[in-house]
Amino acid sequence: MDGSTHKEDTWSVAGRTFTSRLIVGTGKYKDYAQNAAAAEAAGAEIVTVAVRRVNLSDPNQPMLVDYVKPDRFTFLPNTAGCFTGEDAIRTLRLAREAGGWDLVKLEVLSDTKHLLPDMEETLRALKLLVADGFQVMVYCSDDPVYAKKLEDAGAAAIMPAAAPIGSGRGIQNFLNLGLIIEQSKVPVLVDAGVGTASDATLAMETGCDAVLMNTAIAGAQDPIRMAVAMKHAVIAGREAFLAGRMPKRMYADPSSPLSGLI
């Protein structure tokens with residue numbers, strides 16, 4: 001962004017302010033070194049960490065924090081792999097004890113092939129976590145009614161899935177996503193289902209505050225190059241949203257005037 005013409009464009013969640021609108025995961029990479037390189041290439045400031053799947057405490061094994069440094073990135077512990085509210089709450093309490101993290105990502109999945117969120121369990125777990133002092137960013141279905149319930153229950157951010165986790169299919173329901181963005185007073189982030197750079201751009205053009213992805217980068221043939229692509233895609237989509245696109249028309253509107261021609 002040209003700083004001479006625009007002030008720095010930031011976003012905030014739970015009292016923390018960030019410049020990058022791209023959040024990346026810490027799973028599915030060949031090793032922690034590649035993971036760290038991708039996070040740097042993406043320009044990310046937040047990395048989401050699957051507490052159940054990433055080594056945060058055993059010094060006899062490679063540790064994530066030795067590569068993805070907590071003083072460089074804001075860690076966002078998540079409850080990947082949890083299928084009940086109790087599992088999610090237990091996991092995040094362990095994360096808080098291990099690293100002092102209170103800004104967390106809640107996901108409670110349905111035990112099905114599509115792994116879409118179990119929204120009844122998610123809402124129940126959210127209420128318990130908020131009462132326990134957590135700042136909770138919530139992974140959810142793209143249901144505007146449930147999104148409003150989550151916000152009313154104290155969610156710090158709403159994170160609707162674009163498509164099933166790891167599917168790479170992009171945003172499947174722009175109408176619902178737009179309704180969620182319009183009604184929400186907390187940040188809205190597309191989380192899950194992004195496959196390539198154009199998906200991230202569309203999420204930002206729709207008005208999302210940020211995009212979270214893991215497989216789209218880690219599963220690419222060249223994860224570092226894809227991380228760079230995603231960085232630019234999110235910036236481009238945000239700039240286009242702020243610029244305000246031209247109106248769509250049914251018929252042509254010539255770029256050059258037709259009157260006064262020789």
# chains A, B, ... in the order shown; residues from 1 in each chain; ligands from 1
$ residues_around --residues "A:Asp71" --least-positions-apart "3" --cutoff "12 Å" --atoms "only C-alpha atoms" --output "list in words"
Glu45, Ile46, Val47, Val65, Asp66, Tyr67, Val68, Thr74, Phe75 and Gly99 of chain A
$ write_last_selection --atoms "N, CA, C and O atoms" --output "short mmCIF file (atom, residue, chain, number, x, y, z; two decimals), in the first residue's frame"
data_model
loop_
_atom_site.label_atom_id
_atom_site.label_comp_id
_atom_site.auth_asym_id
_atom_site.auth_seq_id
_atom_site.Cartn_x
_atom_site.Cartn_y
_atom_site.Cartn_z
N GLU A 45 1.04 -12.44 10.81
CA GLU A 45 1.35 -12.04 12.18
C GLU A 45 0.73 -13.00 13.19
O GLU A 45 1.15 -13.04 14.34
N ILE A 46 -0.28 -13.76 12.76
CA ILE A 46 -0.94 -14.74 13.61
C ILE A 46 -0.77 -16.12 12.98
O ILE A 46 -0.95 -16.28 11.76
N VAL A 47 -0.41 -17.11 13.79
CA VAL A 47 -0.41 -18.49 13.34
C VAL A 47 -1.32 -19.29 14.26
O VAL A 47 -1.29 -19.12 15.48
N VAL A 65 7.91 -24.05 18.59
CA VAL A 65 8.36 -22.72 19.03
C VAL A 65 9.83 -22.46 18.73
O VAL A 65 10.29 -21.32 18.80
N ASP A 66 10.58 -23.51 18.38
CA ASP A 66 11.98 -23.31 17.99
C ASP A 66 12.10 -22.79 16.57
O ASP A 66 13.16 -22.31 16.16
N TYR A 67 11.03 -22.89 15.80
CA TYR A 67 11.04 -22.46 14.40
C TYR A 67 10.08 -21.29 14.18
O TYR A 67 10.45 -20.26 13.61
N VAL A 68 8.85 -21.47 14.62
CA VAL A 68 7.85 -20.40 14.54
C VAL A 68 7.88 -19.71 15.90
O VAL A 68 7.29 -20.19 16.87
N THR A 74 1.90 -14.05 16.83
CA THR A 74 0.87 -14.29 17.84
C THR A 74 0.35 -15.70 17.64
O THR A 74 -0.15 -16.04 16.56
N PHE A 75 0.49 -16.54 18.66
CA PHE A 75 -0.03 -17.90 18.59
C PHE A 75 -1.53 -17.90 18.89
O PHE A 75 -1.97 -17.30 19.87
N GLY A 99 1.23 -21.95 27.66
CA GLY A 99 1.82 -20.74 27.07
C GLY A 99 1.19 -19.43 27.50
O GLY A 99 1.57 -18.36 27.01
#
$ residues_around --residues "A:Ala50" --least-positions-apart "5" --cutoff "12 Å" --atoms "only C-alpha atoms" --output "ChimeraX atom specification"
/A:24-28,55-56,64,75-82,88,91-92,94-95,104-107,214
$ write_last_selection --atoms "C-alpha atoms" --output "compact mmCIF listing (two decimals), in the first residue's frame"
# COMPACT_ATOMS: atom_id res chain seq x y z
CA VAL A 24 -1.79 -19.29 8.51
CA GLY A 25 -1.82 -22.71 10.12
CA THR A 26 0.89 -24.92 11.55
CA GLY A 27 0.03 -28.34 10.21
CA LYS A 28 0.51 -30.52 7.13
CA ASN A 55 4.62 -30.35 19.95
CA LEU A 56 4.66 -27.43 22.36
CA LEU A 64 7.22 -25.68 16.91
CA PHE A 75 -0.03 -17.90 18.59
CA LEU A 76 -3.72 -18.74 18.23
CA PRO A 77 -4.28 -22.16 19.88
CA ASN A 78 -7.13 -24.09 18.31
CA THR A 79 -9.14 -27.18 19.13
CA ALA A 80 -8.63 -29.10 15.89
CA GLY A 81 -9.63 -32.71 16.38
CA CYS A 82 -12.20 -31.98 19.08
CA ALA A 88 -12.38 -28.32 23.34
CA THR A 91 -7.60 -28.55 25.22
CA LEU A 92 -7.69 -24.77 25.52
CA LEU A 94 -4.02 -26.91 28.66
CA ALA A 95 -2.88 -24.34 26.09
CA VAL A 104 -8.00 -18.90 21.14
CA LYS A 105 -9.81 -20.45 18.21
CA LEU A 106 -12.71 -22.74 19.03
CA GLU A 107 -13.74 -25.47 16.64
CA ASN A 214 -3.64 -24.01 6.19
$ atom_distance --atom1 "atom CA of A:Tyr32" --atom2 "atom CA of A:Ser20"
21.3 Å
$ select_by_dssp --residues "stretch 55-227 of chain A" --states "alpha helix (DSSP H)" --output "compact mmCIF listing (two decimals) with C-alpha atoms, in the first residue's frame"
# COMPACT_ATOMS: atom_id res chain seq x y z
CA GLY A 85 -17.39 -29.16 23.94
CA GLU A 86 -15.62 -30.83 26.87
CA ASP A 87 -12.70 -31.87 24.66
CA ALA A 88 -12.38 -28.32 23.34
CA ILE A 89 -12.46 -26.71 26.77
CA ARG A 90 -9.92 -29.15 28.18
CA THR A 91 -7.60 -28.55 25.22
CA LEU A 92 -7.69 -24.77 25.52
CA ARG A 93 -7.16 -24.84 29.28
CA LEU A 94 -4.02 -26.91 28.66
CA ALA A 95 -2.88 -24.34 26.09
CA ARG A 96 -3.40 -21.51 28.54
CA GLU A 97 -1.37 -23.35 31.16
CA ALA A 98 1.40 -24.15 28.65
CA GLY A 99 1.82 -20.74 27.07
CA MET A 119 -22.92 -25.69 15.95
CA GLU A 120 -24.93 -26.73 19.01
CA GLU A 121 -21.77 -27.99 20.73
CA THR A 122 -19.78 -25.00 19.47
CA LEU A 123 -22.21 -22.50 21.00
CA ARG A 124 -22.31 -24.40 24.29
CA ALA A 125 -18.51 -24.56 24.49
CA LEU A 126 -18.19 -20.87 23.61
CA LYS A 127 -20.35 -19.83 26.54
CA LEU A 128 -18.26 -21.91 28.95
CA LEU A 129 -14.97 -20.54 27.56
CA VAL A 130 -16.12 -16.92 27.74
CA ALA A 131 -17.18 -17.47 31.35
CA PRO A 144 -26.17 -16.11 9.71
CA VAL A 145 -28.57 -17.13 12.51
CA TYR A 146 -25.94 -19.13 14.38
CA ALA A 147 -23.30 -16.48 13.65
CA LYS A 148 -25.48 -13.93 15.45
CA LYS A 149 -25.97 -16.30 18.40
CA LEU A 150 -22.20 -16.73 18.67
CA GLU A 151 -21.63 -12.99 18.63
CA ASP A 152 -24.34 -12.42 21.23
CA PHE A 174 -21.57 -15.74 -1.02
CA LEU A 175 -25.09 -14.76 0.04
CA ASN A 176 -24.75 -16.17 3.55
CA LEU A 177 -21.20 -14.87 3.93
CA GLY A 178 -22.38 -11.39 2.93
CA LEU A 179 -25.25 -11.53 5.43
CA ILE A 180 -22.85 -12.53 8.22
CA ILE A 181 -20.47 -9.69 7.36
CA GLU A 182 -23.32 -7.18 7.20
CA GLN A 183 -24.76 -8.09 10.61
CA ALA A 197 -5.21 -17.11 -4.43
CA SER A 198 -8.42 -16.09 -6.18
CA ASP A 199 -10.47 -17.63 -3.34
CA ALA A 200 -8.65 -15.44 -0.82
CA THR A 201 -9.15 -12.35 -2.98
CA LEU A 202 -12.88 -13.02 -3.29
CA ALA A 203 -13.20 -13.41 0.48
CA MET A 204 -11.58 -10.02 0.99
CA GLU A 205 -13.57 -8.36 -1.80
CA THR A 206 -16.75 -9.61 -0.12
CA THR A 215 -4.00 -26.69 3.50
CA ALA A 216 -4.14 -24.14 0.67
CA ILE A 217 -0.51 -23.27 1.43
CA ALA A 218 0.82 -26.48 3.01
CA PRO A 223 4.18 -23.98 -0.32
CA ILE A 224 6.52 -20.98 -0.04
CA ARG A 225 5.53 -19.60 -3.43
CA MET A 226 1.85 -20.17 -2.61
CA ALA A 227 2.33 -18.31 0.67
$ residues_around --residues "stretch 109-117 of chain A" --least-positions-apart "5" --cutoff "8 Å" --atoms "only C-alpha atoms" --output "list of chain:residue names"
A:Gly81, A:Cys82, A:Phe83, A:Thr84, A:Thr122, A:Tyr139, A:Cys140, A:Ser141, A:Pro164, A:Ile165
$ closest_residue --among "A:Ala42, A:Ile23, A:Phe134, A:Ala240" --to "A:Met159" --atoms "only C-alpha atoms"
A:Ile23
$ closest_residue --among "A:Asp222, A:Asp142, A:Glu8, A:Asp102" --to "A:Gly193" --atoms "only C-alpha atoms"
A:Asp142
$ select_by_dssp --residues "stretch 69-249 of chain A" --states "strand (DSSP E)" --output "list in words"
Thr74, Phe75, Leu76, Pro77, Asn78, Leu103, Val104, Lys105, Leu106, Gln135, Val136, Met137, Val138, Tyr139, Cys140, Ala157, Ile158, Met159, Pro160, Leu189, Val190, Asp191, Ala210, Val211, Leu212 and Met213 of chain A
$ atom_distance --atom1 "atom CA of A:Gly195" --atom2 "atom CA of A:Gly166"
8.1 Å
$ decode --residues "stretch 110-151 of chain A" --atoms "N, CA and C atoms" --output "PDB file, in the first residue's frame"
ATOM      1  N   SER A 110     -18.196 -31.950  13.629  1.00  0.00           N
ATOM      2  CA  SER A 110     -19.077 -33.115  13.561  1.00  0.00           C
ATOM      3  C   SER A 110     -18.237 -34.298  13.095  1.00  0.00           C
ATOM      4  N   ASP A 111     -18.455 -35.440  13.678  1.00  0.00           N
ATOM      5  CA  ASP A 111     -17.658 -36.627  13.361  1.00  0.00           C
ATOM      6  C   ASP A 111     -18.209 -37.284  12.099  1.00  0.00           C
ATOM      7  N   THR A 112     -17.994 -36.605  10.986  1.00  0.00           N
ATOM      8  CA  THR A 112     -18.527 -37.033   9.690  1.00  0.00           C
ATOM      9  C   THR A 112     -17.444 -36.819   8.632  1.00  0.00           C
ATOM     10  N   LYS A 113     -17.698 -37.265   7.402  1.00  0.00           N
ATOM     11  CA  LYS A 113     -16.722 -37.088   6.329  1.00  0.00           C
ATOM     12  C   LYS A 113     -16.495 -35.620   6.000  1.00  0.00           C
ATOM     13  N   HIS A 114     -17.541 -34.798   6.179  1.00  0.00           N
ATOM     14  CA  HIS A 114     -17.396 -33.382   5.817  1.00  0.00           C
ATOM     15  C   HIS A 114     -16.791 -32.531   6.937  1.00  0.00           C
ATOM     16  N   LEU A 115     -16.758 -33.035   8.153  1.00  0.00           N
ATOM     17  CA  LEU A 115     -16.136 -32.330   9.286  1.00  0.00           C
ATOM     18  C   LEU A 115     -16.641 -30.899   9.462  1.00  0.00           C
ATOM     19  N   LEU A 116     -17.863 -30.639   9.076  1.00  0.00           N
ATOM     20  CA  LEU A 116     -18.413 -29.304   9.305  1.00  0.00           C
ATOM     21  C   LEU A 116     -18.661 -29.104  10.806  1.00  0.00           C
ATOM     22  N   PRO A 117     -18.725 -27.850  11.254  1.00  0.00           N
ATOM     23  CA  PRO A 117     -18.865 -27.600  12.692  1.00  0.00           C
ATOM     24  C   PRO A 117     -20.182 -28.141  13.257  1.00  0.00           C
ATOM     25  N   ASP A 118     -20.101 -28.676  14.459  1.00  0.00           N
ATOM     26  CA  ASP A 118     -21.300 -29.018  15.233  1.00  0.00           C
ATOM     27  C   ASP A 118     -21.681 -27.737  15.969  1.00  0.00           C
ATOM     28  N   MET A 119     -22.661 -27.038  15.458  1.00  0.00           N
ATOM     29  CA  MET A 119     -22.925 -25.687  15.953  1.00  0.00           C
ATOM     30  C   MET A 119     -23.558 -25.675  17.341  1.00  0.00           C
ATOM     31  N   GLU A 120     -24.351 -26.680  17.670  1.00  0.00           N
ATOM     32  CA  GLU A 120     -24.935 -26.734  19.010  1.00  0.00           C
ATOM     33  C   GLU A 120     -23.829 -26.888  20.060  1.00  0.00           C
ATOM     34  N   GLU A 121     -22.888 -27.802  19.811  1.00  0.00           N
ATOM     35  CA  GLU A 121     -21.765 -27.988  20.732  1.00  0.00           C
ATOM     36  C   GLU A 121     -20.838 -26.774  20.737  1.00  0.00           C
ATOM     37  N   THR A 122     -20.649 -26.173  19.573  1.00  0.00           N
ATOM     38  CA  THR A 122     -19.780 -24.996  19.471  1.00  0.00           C
ATOM     39  C   THR A 122     -20.317 -23.855  20.331  1.00  0.00           C
ATOM     40  N   LEU A 123     -21.608 -23.580  20.229  1.00  0.00           N
ATOM     41  CA  LEU A 123     -22.214 -22.500  21.004  1.00  0.00           C
ATOM     42  C   LEU A 123     -22.135 -22.789  22.497  1.00  0.00           C
ATOM     43  N   ARG A 124     -22.373 -24.031  22.875  1.00  0.00           N
ATOM     44  CA  ARG A 124     -22.308 -24.399  24.292  1.00  0.00           C
ATOM     45  C   ARG A 124     -20.881 -24.220  24.825  1.00  0.00           C
ATOM     46  N   ALA A 125     -19.896 -24.677  24.060  1.00  0.00           N
ATOM     47  CA  ALA A 125     -18.506 -24.558  24.488  1.00  0.00           C
ATOM     48  C   ALA A 125     -18.079 -23.094  24.560  1.00  0.00           C
ATOM     49  N   LEU A 126     -18.531 -22.289  23.607  1.00  0.00           N
ATOM     50  CA  LEU A 126     -18.188 -20.868  23.612  1.00  0.00           C
ATOM     51  C   LEU A 126     -18.626 -20.198  24.907  1.00  0.00           C
ATOM     52  N   LYS A 127     -19.839 -20.452  25.321  1.00  0.00           N
ATOM     53  CA  LYS A 127     -20.354 -19.828  26.540  1.00  0.00           C
ATOM     54  C   LYS A 127     -19.506 -20.205  27.753  1.00  0.00           C
ATOM     55  N   LEU A 128     -19.083 -21.459  27.827  1.00  0.00           N
ATOM     56  CA  LEU A 128     -18.256 -21.907  28.946  1.00  0.00           C
ATOM     57  C   LEU A 128     -16.873 -21.268  28.897  1.00  0.00           C
ATOM     58  N   LEU A 129     -16.300 -21.136  27.702  1.00  0.00           N
ATOM     59  CA  LEU A 129     -14.969 -20.545  27.563  1.00  0.00           C
ATOM     60  C   LEU A 129     -14.977 -19.053  27.890  1.00  0.00           C
ATOM     61  N   VAL A 130     -16.004 -18.350  27.440  1.00  0.00           N
ATOM     62  CA  VAL A 130     -16.120 -16.920  27.738  1.00  0.00           C
ATOM     63  C   VAL A 130     -16.238 -16.718  29.242  1.00  0.00           C
ATOM     64  N   ALA A 131     -17.030 -17.568  29.891  1.00  0.00           N
ATOM     65  CA  ALA A 131     -17.182 -17.472  31.347  1.00  0.00           C
ATOM     66  C   ALA A 131     -15.872 -17.768  32.064  1.00  0.00           C
ATOM     67  N   ASP A 132     -14.967 -18.507  31.397  1.00  0.00           N
ATOM     68  CA  ASP A 132     -13.682 -18.880  31.988  1.00  0.00           C
ATOM     69  C   ASP A 132     -12.576 -17.885  31.620  1.00  0.00           C
ATOM     70  N   GLY A 133     -12.937 -16.785  30.983  1.00  0.00           N
ATOM     71  CA  GLY A 133     -11.973 -15.721  30.736  1.00  0.00           C
ATOM     72  C   GLY A 133     -11.240 -15.778  29.412  1.00  0.00           C
ATOM     73  N   PHE A 134     -11.641 -16.662  28.513  1.00  0.00           N
ATOM     74  CA  PHE A 134     -10.997 -16.741  27.207  1.00  0.00           C
ATOM     75  C   PHE A 134     -11.574 -15.698  26.234  1.00  0.00           C
ATOM     76  N   GLN A 135     -10.733 -15.246  25.300  1.00  0.00           N
ATOM     77  CA  GLN A 135     -11.173 -14.446  24.152  1.00  0.00           C
ATOM     78  C   GLN A 135     -11.259 -15.419  22.987  1.00  0.00           C
ATOM     79  N   VAL A 136     -12.455 -15.627  22.470  1.00  0.00           N
ATOM     80  CA  VAL A 136     -12.680 -16.781  21.597  1.00  0.00           C
ATOM     81  C   VAL A 136     -13.064 -16.358  20.176  1.00  0.00           C
ATOM     82  N   MET A 137     -12.217 -16.749  19.227  1.00  0.00           N
ATOM     83  CA  MET A 137     -12.545 -16.657  17.809  1.00  0.00           C
ATOM     84  C   MET A 137     -13.173 -17.991  17.423  1.00  0.00           C
ATOM     85  N   VAL A 138     -14.332 -17.961  16.775  1.00  0.00           N
ATOM     86  CA  VAL A 138     -15.124 -19.186  16.644  1.00  0.00           C
ATOM     87  C   VAL A 138     -15.275 -19.616  15.184  1.00  0.00           C
ATOM     88  N   TYR A 139     -14.794 -20.823  14.903  1.00  0.00           N
ATOM     89  CA  TYR A 139     -15.021 -21.467  13.607  1.00  0.00           C
ATOM     90  C   TYR A 139     -16.459 -21.959  13.573  1.00  0.00           C
ATOM     91  N   CYS A 140     -17.161 -21.663  12.478  1.00  0.00           N
ATOM     92  CA  CYS A 140     -18.592 -21.969  12.438  1.00  0.00           C
ATOM     93  C   CYS A 140     -19.046 -22.245  11.007  1.00  0.00           C
ATOM     94  N   SER A 141     -20.269 -22.723  10.889  1.00  0.00           N
ATOM     95  CA  SER A 141     -20.886 -22.865   9.578  1.00  0.00           C
ATOM     96  C   SER A 141     -21.285 -21.484   9.062  1.00  0.00           C
ATOM     97  N   ASP A 142     -21.584 -21.390   7.784  1.00  0.00           N
ATOM     98  CA  ASP A 142     -21.949 -20.091   7.202  1.00  0.00           C
ATOM     99  C   ASP A 142     -23.443 -19.825   7.372  1.00  0.00           C
ATOM    100  N   ASP A 143     -23.888 -19.955   8.601  1.00  0.00           N
ATOM    101  CA  ASP A 143     -25.303 -19.754   8.959  1.00  0.00           C
ATOM    102  C   ASP A 143     -25.427 -18.419   9.675  1.00  0.00           C
ATOM    103  N   PRO A 144     -26.069 -17.417   9.063  1.00  0.00           N
ATOM    104  CA  PRO A 144     -26.171 -16.106   9.705  1.00  0.00           C
ATOM    105  C   PRO A 144     -26.875 -16.140  11.058  1.00  0.00           C
ATOM    106  N   VAL A 145     -27.833 -17.056  11.239  1.00  0.00           N
ATOM    107  CA  VAL A 145     -28.567 -17.130  12.507  1.00  0.00           C
ATOM    108  C   VAL A 145     -27.638 -17.595  13.622  1.00  0.00           C
ATOM    109  N   TYR A 146     -26.882 -18.656  13.370  1.00  0.00           N
ATOM    110  CA  TYR A 146     -25.942 -19.134  14.380  1.00  0.00           C
ATOM    111  C   TYR A 146     -24.800 -18.141  14.584  1.00  0.00           C
ATOM    112  N   ALA A 147     -24.371 -17.474  13.516  1.00  0.00           N
ATOM    113  CA  ALA A 147     -23.303 -16.481  13.655  1.00  0.00           C
ATOM    114  C   ALA A 147     -23.717 -15.381  14.615  1.00  0.00           C
ATOM    115  N   LYS A 148     -24.968 -14.967  14.544  1.00  0.00           N
ATOM    116  CA  LYS A 148     -25.475 -13.932  15.452  1.00  0.00           C
ATOM    117  C   LYS A 148     -25.538 -14.463  16.882  1.00  0.00           C
ATOM    118  N   LYS A 149     -25.940 -15.715  17.059  1.00  0.00           N
ATOM    119  CA  LYS A 149     -25.973 -16.302  18.395  1.00  0.00           C
ATOM    120  C   LYS A 149     -24.572 -16.349  19.005  1.00  0.00           C
ATOM    121  N   LEU A 150     -23.582 -16.689  18.188  1.00  0.00           N
ATOM    122  CA  LEU A 150     -22.199 -16.730  18.669  1.00  0.00           C
ATOM    123  C   LEU A 150     -21.728 -15.351  19.094  1.00  0.00           C
ATOM    124  N   GLU A 151     -22.037 -14.355  18.287  1.00  0.00           N
ATOM    125  CA  GLU A 151     -21.632 -12.992  18.634  1.00  0.00           C
ATOM    126  C   GLU A 151     -22.323 -12.541  19.913  1.00  0.00           C
TER     127      GLU A 151
END
